[in-house]
Structures are given as structure tokens and as C-alpha cells.
$ cat final.cif   # mmCIF, C-alpha atoms
data_final
#
loop_
_atom_site.label_atom_id
_atom_site.label_comp_id
_atom_site.auth_asym_id
_atom_site.auth_seq_id
_atom_site.Cartn_x
_atom_site.Cartn_y
_atom_site.Cartn_z
CA MET A 24 0.00 0.00 0.00
CA GLY A 25 2.86 2.37 0.66
CA LEU A 26 3.67 2.55 -3.04
CA ILE A 27 0.17 3.83 -3.78
CA ASP A 28 -0.96 7.38 -3.05
CA GLY A 29 -3.54 9.94 -4.15
CA ASN A 30 -7.18 9.15 -4.90
CA PHE A 31 -6.52 5.49 -5.64
CA ARG A 32 -4.93 5.07 -2.20
CA ALA A 33 -7.89 6.87 -0.59
CA ASN A 34 -10.30 4.55 -2.42
CA LEU A 35 -8.42 1.46 -1.28
CA GLU A 36 -8.31 2.70 2.31
CA GLU A 37 -12.09 3.27 2.19
CA THR A 38 -12.63 -0.36 1.20
CA GLY A 39 -10.54 -1.62 4.11
CA MET A 40 -7.30 -2.26 2.24
CA SER A 41 -4.78 -0.23 4.18
CA TYR A 42 -1.21 0.23 5.22
CA ASP A 43 -2.41 -0.43 8.76
CA LEU A 44 -3.25 -4.00 7.67
CA GLU A 45 0.37 -4.35 6.59
CA VAL A 46 1.39 -3.11 10.04
CA ASP A 47 -0.91 -5.74 11.60
CA MET A 48 0.70 -8.41 9.42
CA ILE A 49 4.18 -7.37 10.60
CA ARG A 50 2.96 -7.44 14.22
CA LEU A 51 1.62 -10.97 13.73
CA ALA A 52 4.79 -12.13 11.96
CA HIS A 53 6.83 -10.69 14.83
CA THR A 54 4.82 -12.73 17.36
CA MET A 55 5.58 -15.80 15.22
CA ASP A 56 9.30 -14.98 15.44
CA LEU A 57 9.58 -14.42 11.68
CA LEU A 58 12.13 -12.01 10.24
CA THR A 59 10.26 -8.93 8.99
CA THR A 60 11.49 -6.35 6.46
CA PRO A 61 8.66 -3.95 5.63
CA TYR A 62 8.94 -0.97 3.34
CA VAL A 63 8.33 2.40 4.99
CA PHE A 64 7.85 5.61 3.04
CA ASN A 65 7.69 8.27 5.74
CA VAL A 66 8.24 8.92 9.44
CA GLU A 67 4.71 7.93 10.47
CA GLU A 68 5.04 4.53 8.80
CA SER A 69 8.49 4.09 10.32
CA LYS A 70 7.02 4.56 13.79
CA LYS A 71 4.12 2.19 13.10
CA MET A 72 6.29 -0.60 11.75
CA THR A 73 8.90 -0.25 14.48
CA THR A 74 6.22 -0.34 17.16
CA ALA A 75 4.78 -3.45 15.49
CA GLY A 76 8.16 -5.17 15.94
CA ALA A 77 9.74 -4.94 12.49
CA ASP A 78 13.29 -6.26 12.46
CA ILE A 79 14.52 -4.39 9.39
CA LEU A 80 12.94 -1.24 7.97
CA VAL A 81 13.48 -0.50 4.30
CA ALA A 82 13.32 3.28 3.86
CA HIS A 83 11.79 3.22 0.37
CA MET A 84 12.19 6.33 -1.76
CA ARG A 85 9.57 5.27 -4.32
CA THR A 86 9.97 4.04 -7.89
CA HIS A 87 13.33 4.22 -9.60
CA ASP A 88 12.90 7.29 -11.75
CA GLU A 89 15.57 7.17 -14.44
CA ARG A 90 14.89 3.82 -16.04
CA SER A 91 12.65 2.38 -18.72
CA ILE A 92 9.44 2.66 -16.73
CA GLY A 93 9.65 6.40 -17.29
CA ALA A 94 8.73 7.76 -13.88
CA SER A 95 9.96 11.32 -13.46
CA THR A 96 8.36 12.58 -10.24
CA GLY A 97 10.94 11.18 -7.86
CA LYS A 98 13.04 12.73 -5.14
CA SER A 99 16.59 14.00 -5.49
CA LEU A 100 19.38 12.14 -3.70
CA ASP A 101 19.64 15.00 -1.22
CA GLU A 102 15.90 14.81 -0.48
CA CYS A 103 16.34 11.09 0.06
CA VAL A 104 19.20 11.67 2.49
CA THR A 105 16.98 13.90 4.62
CA LEU A 106 13.96 11.59 4.58
CA ILE A 107 15.98 8.43 5.20
CA GLN A 108 17.64 10.05 8.19
CA GLU A 109 14.24 11.13 9.56
CA ILE A 110 12.84 7.61 9.07
CA ARG A 111 15.85 6.09 10.84
CA ASP A 112 15.81 8.55 13.73
CA ALA A 113 12.10 7.96 14.37
CA ALA A 114 12.62 4.20 14.34
CA VAL A 115 15.60 4.07 16.70
CA ALA A 116 13.79 6.35 19.15
CA ILE A 117 11.36 3.42 19.54
CA ASN A 118 13.80 0.52 19.14
CA PRO A 119 17.54 1.26 19.16
CA ASP A 120 18.21 -2.22 17.71
CA VAL A 121 16.11 -1.88 14.56
CA ILE A 122 18.05 -2.19 11.32
CA VAL A 123 17.35 0.49 8.71
CA LEU A 124 18.26 0.12 5.05
CA CYS A 125 17.74 2.54 2.15
CA HIS A 126 16.21 1.73 -1.23
CA GLY A 127 14.44 3.11 -4.27
CA GLY A 128 13.96 6.40 -6.06
CA PRO A 129 17.24 7.77 -7.35
CA ILE A 130 19.22 5.23 -5.30
CA ALA A 131 19.73 2.80 -8.16
CA ALA A 132 23.47 2.24 -8.55
CA PRO A 133 26.37 1.66 -6.15
CA ASP A 134 27.48 5.31 -6.40
CA ASP A 135 23.95 6.45 -5.48
CA ALA A 136 23.91 4.20 -2.42
CA LEU A 137 27.37 5.42 -1.41
CA TYR A 138 26.18 9.03 -1.73
CA VAL A 139 23.27 8.36 0.64
CA LEU A 140 25.18 6.17 3.09
CA SER A 141 28.03 8.66 3.39
CA ARG A 142 25.60 11.48 4.23
CA THR A 143 23.43 9.67 6.79
CA LYS A 144 24.16 8.31 10.24
CA GLY A 145 23.07 4.90 11.47
CA ILE A 146 21.82 3.50 8.17
CA HIS A 147 22.97 -0.09 7.98
CA GLY A 148 23.12 -0.49 4.22
CA PHE A 149 21.26 -0.70 0.94
CA TYR A 150 18.37 -3.01 0.04
CA GLY A 151 19.16 -4.21 -3.48
CA ALA A 152 15.87 -5.48 -4.93
CA SER A 153 15.32 -4.00 -8.42
CA SER A 154 18.79 -2.43 -8.43
CA MET A 155 20.22 -5.93 -8.46
CA GLU A 156 17.71 -7.84 -10.52
CA ARG A 157 15.64 -5.58 -12.79
CA LEU A 158 17.81 -2.57 -13.62
CA PRO A 159 20.93 -4.50 -14.72
CA VAL A 160 18.77 -6.72 -16.92
CA GLU A 161 17.09 -3.68 -18.51
CA THR A 162 20.49 -2.26 -19.40
CA ALA A 163 21.80 -5.54 -20.77
CA ILE A 164 18.70 -6.22 -22.88
CA THR A 165 18.63 -2.65 -24.21
CA ASP A 166 22.32 -2.75 -25.12
CA ILE A 167 22.16 -6.12 -26.88
CA THR A 168 18.99 -5.12 -28.74
CA LYS A 169 20.67 -1.92 -29.98
CA SER A 170 23.67 -4.00 -31.10
CA PHE A 171 21.45 -6.33 -33.11
CA LYS A 172 19.46 -3.40 -34.54
CA ASN A 173 22.66 -1.73 -35.71
CA LEU A 174 23.93 -4.78 -37.62
CA ARG A 175 24.74 -3.92 -41.21
CA PRO A 176 25.73 -6.97 -43.28
#

$ encode --input "final.cif" --output "C-alpha cells"
Amino acid sequence: MGLIDGNFRANLEETGMSYDLEVDMIRLAHTMDLLTTPYVFNVEESKKMTTAGADILVAHMRTHDERSIGASTGKSLDECVTLIQEIRDAAVAINPDVIVLCHGGPIAAPDDALYVLSRTKGIHGFYGASSMERLPVETAITDITKSFKNLRP
């Protein structure tokens, strides 16, 4: 639910589908002693998930914005630094042992992650996800397709 906002999010919330249900799921998983790694998108969600017992918070900066999907409304790296730090600080105020990772938005390549990690305090690392599975494949497929397209016998 955290990836959805605007009217569509409001409509989903009205029907009972909500981020709070995700929080409840993390709370239940915690009671079952399962490792939990929810995405959080803001300080309020960071507090909710930490209170629910999340082991690892993934401070998610939204969709990668410079790739083939064409999203262009993302945050700058500097905006991400600020928000990630706020998410982390809110979480450790509740549970000093919670692990906080960064992910998403303009944080797509190793240099991007280094930029964020070197400008924040207490962030434990980077959550790879699409940066390790989707984005490299997009680049490889695009490059090989261009090579085939440019063949001139």
C-alpha cells in the first residue's frame, strides 16, 4: 500500500485495504518470530512498523525514476538523504536495535547508495531489490537489442 498514493490510495483505504493492515501483518509475523522487512515511506510509517516489531525497515524512496518505466516525479538524492535520516531517527527512538536500510527512487546504482550512506548516520546499508535484478537486466537487454538493430551486413 505504501507505493500507492492519491485518490486510488484513498479509495483502497475506504474499502478496508490499508497500510495499517500491513502493520498488523508485521505485528503478527513478529509474534511468530519471523524475520520482517517492511517498506516504509515516511516517518509515520516508520514509527508504526517499528512499534509493530519490524526487524529491518526499508526506507523506500519510491519508484526508480531514471529507467525504462519512465517515472519522473521522484526525489533528489539530497531529499532522500533527509527523509531516510528522519525515518531512521524515528525508528531508533522506539527501538535502538532496529536495522534500517535505504532503497528506491534515485538510489539505483552503487554510487547512489554510497552518496546516501556517506551522508546519513546509522543507516545499515542498501536493500538491493530492483537495483540488483531488474535494472541491470534492462540495461543488458537494451544494449544487446541496440547491437542487433545496428547490424549492417

$ residues_around --input "final.cif" --residues "region 147-156 of chain A" --least-positions-apart "4" --cutoff "6 Å" --atoms "only C-alpha atoms" --output "PDB file with C-alpha atoms, in the frame of the given file"
ATOM      1  CA  VAL A 123      17.350   0.490   8.710  1.00  0.00           C
ATOM      2  CA  LEU A 124      18.260   0.120   5.050  1.00  0.00           C
ATOM      3  CA  CYS A 125      17.740   2.540   2.150  1.00  0.00           C
ATOM      4  CA  HIS A 126      16.210   1.730  -1.230  1.00  0.00           C
ATOM      5  CA  ALA A 131      19.730   2.800  -8.160  1.00  0.00           C
TER       6      ALA A 131
END

$ atom_distance --input "final.cif" --atom1 "CA of Glu67 (chain A)" --atom2 "CA of Met55 (chain A)"
24.2 Å

$ atom_distance --input "final.cif" --atom1 "CA of Lys98 (chain A)" --atom2 "CA of Pro129 (chain A)"
6.9 Å

$ closest_residue --input "final.cif" --among "A:Asn34, A:Ser69, A:Thr168, A:Gln108" --to "Gly145 (chain A)" --atoms "all atoms listed in the file"
A:Gln108

$ closest_residue --input "final.cif" --among "A:Val46, A:Val104, A:Ala52, A:Leu57" --to "Gly128 (chain A)" --atoms "all atoms listed in the file"
A:Val104

$ resolve_selection --input "final.cif" --expression "the PyMOL selection byres ((chain A and resi 83) around 7)" --output "PyMOL selection string"
chain A and resi 62-64+81-82+84-85+125-127

$ resolve_selection --input "final.cif" --expression "the PyMOL selection byres ((chain A and resi 141-143) around 9)" --output "list in words"
Asp101, Val104, Thr105, Ile107, Gln108, Ala136, Leu137, Tyr138, Val139, Leu140, Lys144, Gly145 and Ile146 of chain A

$ resolve_selection --input "final.cif" --expression "the PyMOL selection byres ((chain A and resi 45) around 10)" --output "NGL selection string"
:A and (24-25 or 40-44 or 46-51 or 61-62 or 71-72 or 75)

$ build_atoms --input "final.cif" --residues "region 99-113 of chain A" --atoms "N, CA, C and O atoms" --output "PDB file, in the coordinates of the input"
ATOM      1  N   SER A  99      15.158  13.895  -5.241  1.00  0.00           N
ATOM      2  CA  SER A  99      16.590  14.000  -5.490  1.00  0.00           C
ATOM      3  C   SER A  99      17.326  13.159  -4.446  1.00  0.00           C
ATOM      4  O   SER A  99      16.753  12.788  -3.411  1.00  0.00           O
ATOM      5  N   LEU A 100      18.583  12.876  -4.698  1.00  0.00           N
ATOM      6  CA  LEU A 100      19.380  12.140  -3.700  1.00  0.00           C
ATOM      7  C   LEU A 100      19.438  12.910  -2.393  1.00  0.00           C
ATOM      8  O   LEU A 100      19.351  12.310  -1.313  1.00  0.00           O
ATOM      9  N   ASP A 101      19.576  14.217  -2.457  1.00  0.00           N
ATOM     10  CA  ASP A 101      19.640  15.000  -1.220  1.00  0.00           C
ATOM     11  C   ASP A 101      18.320  14.955  -0.451  1.00  0.00           C
ATOM     12  O   ASP A 101      18.327  14.892   0.790  1.00  0.00           O
ATOM     13  N   GLU A 102      17.196  14.966  -1.164  1.00  0.00           N
ATOM     14  CA  GLU A 102      15.900  14.810  -0.480  1.00  0.00           C
ATOM     15  C   GLU A 102      15.808  13.444   0.165  1.00  0.00           C
ATOM     16  O   GLU A 102      15.279  13.311   1.284  1.00  0.00           O
ATOM     17  N   CYS A 103      16.335  12.435  -0.496  1.00  0.00           N
ATOM     18  CA  CYS A 103      16.340  11.090   0.060  1.00  0.00           C
ATOM     19  C   CYS A 103      17.189  11.019   1.331  1.00  0.00           C
ATOM     20  O   CYS A 103      16.794  10.390   2.318  1.00  0.00           O
ATOM     21  N   VAL A 104      18.332  11.653   1.311  1.00  0.00           N
ATOM     22  CA  VAL A 104      19.200  11.670   2.490  1.00  0.00           C
ATOM     23  C   VAL A 104      18.421  12.190   3.693  1.00  0.00           C
ATOM     24  O   VAL A 104      18.428  11.587   4.773  1.00  0.00           O
ATOM     25  N   THR A 105      17.741  13.296   3.514  1.00  0.00           N
ATOM     26  CA  THR A 105      16.980  13.900   4.620  1.00  0.00           C
ATOM     27  C   THR A 105      15.884  12.972   5.106  1.00  0.00           C
ATOM     28  O   THR A 105      15.751  12.728   6.315  1.00  0.00           O
ATOM     29  N   LEU A 106      15.078  12.445   4.183  1.00  0.00           N
ATOM     30  CA  LEU A 106      13.960  11.590   4.580  1.00  0.00           C
ATOM     31  C   LEU A 106      14.433  10.283   5.202  1.00  0.00           C
ATOM     32  O   LEU A 106      13.883   9.829   6.215  1.00  0.00           O
ATOM     33  N   ILE A 107      15.450   9.676   4.640  1.00  0.00           N
ATOM     34  CA  ILE A 107      15.980   8.430   5.200  1.00  0.00           C
ATOM     35  C   ILE A 107      16.482   8.650   6.620  1.00  0.00           C
ATOM     36  O   ILE A 107      16.233   7.831   7.515  1.00  0.00           O
ATOM     37  N   GLN A 108      17.165   9.762   6.846  1.00  0.00           N
ATOM     38  CA  GLN A 108      17.640  10.050   8.190  1.00  0.00           C
ATOM     39  C   GLN A 108      16.467  10.239   9.161  1.00  0.00           C
ATOM     40  O   GLN A 108      16.499   9.738  10.290  1.00  0.00           O
ATOM     41  N   GLU A 109      15.423  10.933   8.721  1.00  0.00           N
ATOM     42  CA  GLU A 109      14.240  11.130   9.560  1.00  0.00           C
ATOM     43  C   GLU A 109      13.559   9.803   9.878  1.00  0.00           C
ATOM     44  O   GLU A 109      13.137   9.561  11.018  1.00  0.00           O
ATOM     45  N   ILE A 110      13.440   8.935   8.874  1.00  0.00           N
ATOM     46  CA  ILE A 110      12.840   7.610   9.070  1.00  0.00           C
ATOM     47  C   ILE A 110      13.654   6.812  10.075  1.00  0.00           C
ATOM     48  O   ILE A 110      13.115   6.202  11.003  1.00  0.00           O
ATOM     49  N   ARG A 111      14.967   6.819   9.917  1.00  0.00           N
ATOM     50  CA  ARG A 111      15.850   6.090  10.840  1.00  0.00           C
ATOM     51  C   ARG A 111      15.759   6.641  12.251  1.00  0.00           C
ATOM     52  O   ARG A 111      15.628   5.891  13.212  1.00  0.00           O
ATOM     53  N   ASP A 112      15.821   7.948  12.400  1.00  0.00           N
ATOM     54  CA  ASP A 112      15.810   8.550  13.730  1.00  0.00           C
ATOM     55  C   ASP A 112      14.509   8.254  14.465  1.00  0.00           C
ATOM     56  O   ASP A 112      14.524   7.972  15.673  1.00  0.00           O
ATOM     57  N   ALA A 113      13.392   8.278  13.750  1.00  0.00           N
ATOM     58  CA  ALA A 113      12.100   7.960  14.370  1.00  0.00           C
ATOM     59  C   ALA A 113      12.067   6.505  14.820  1.00  0.00           C
ATOM     60  O   ALA A 113      11.551   6.190  15.906  1.00  0.00           O
TER      61      ALA A 113
END
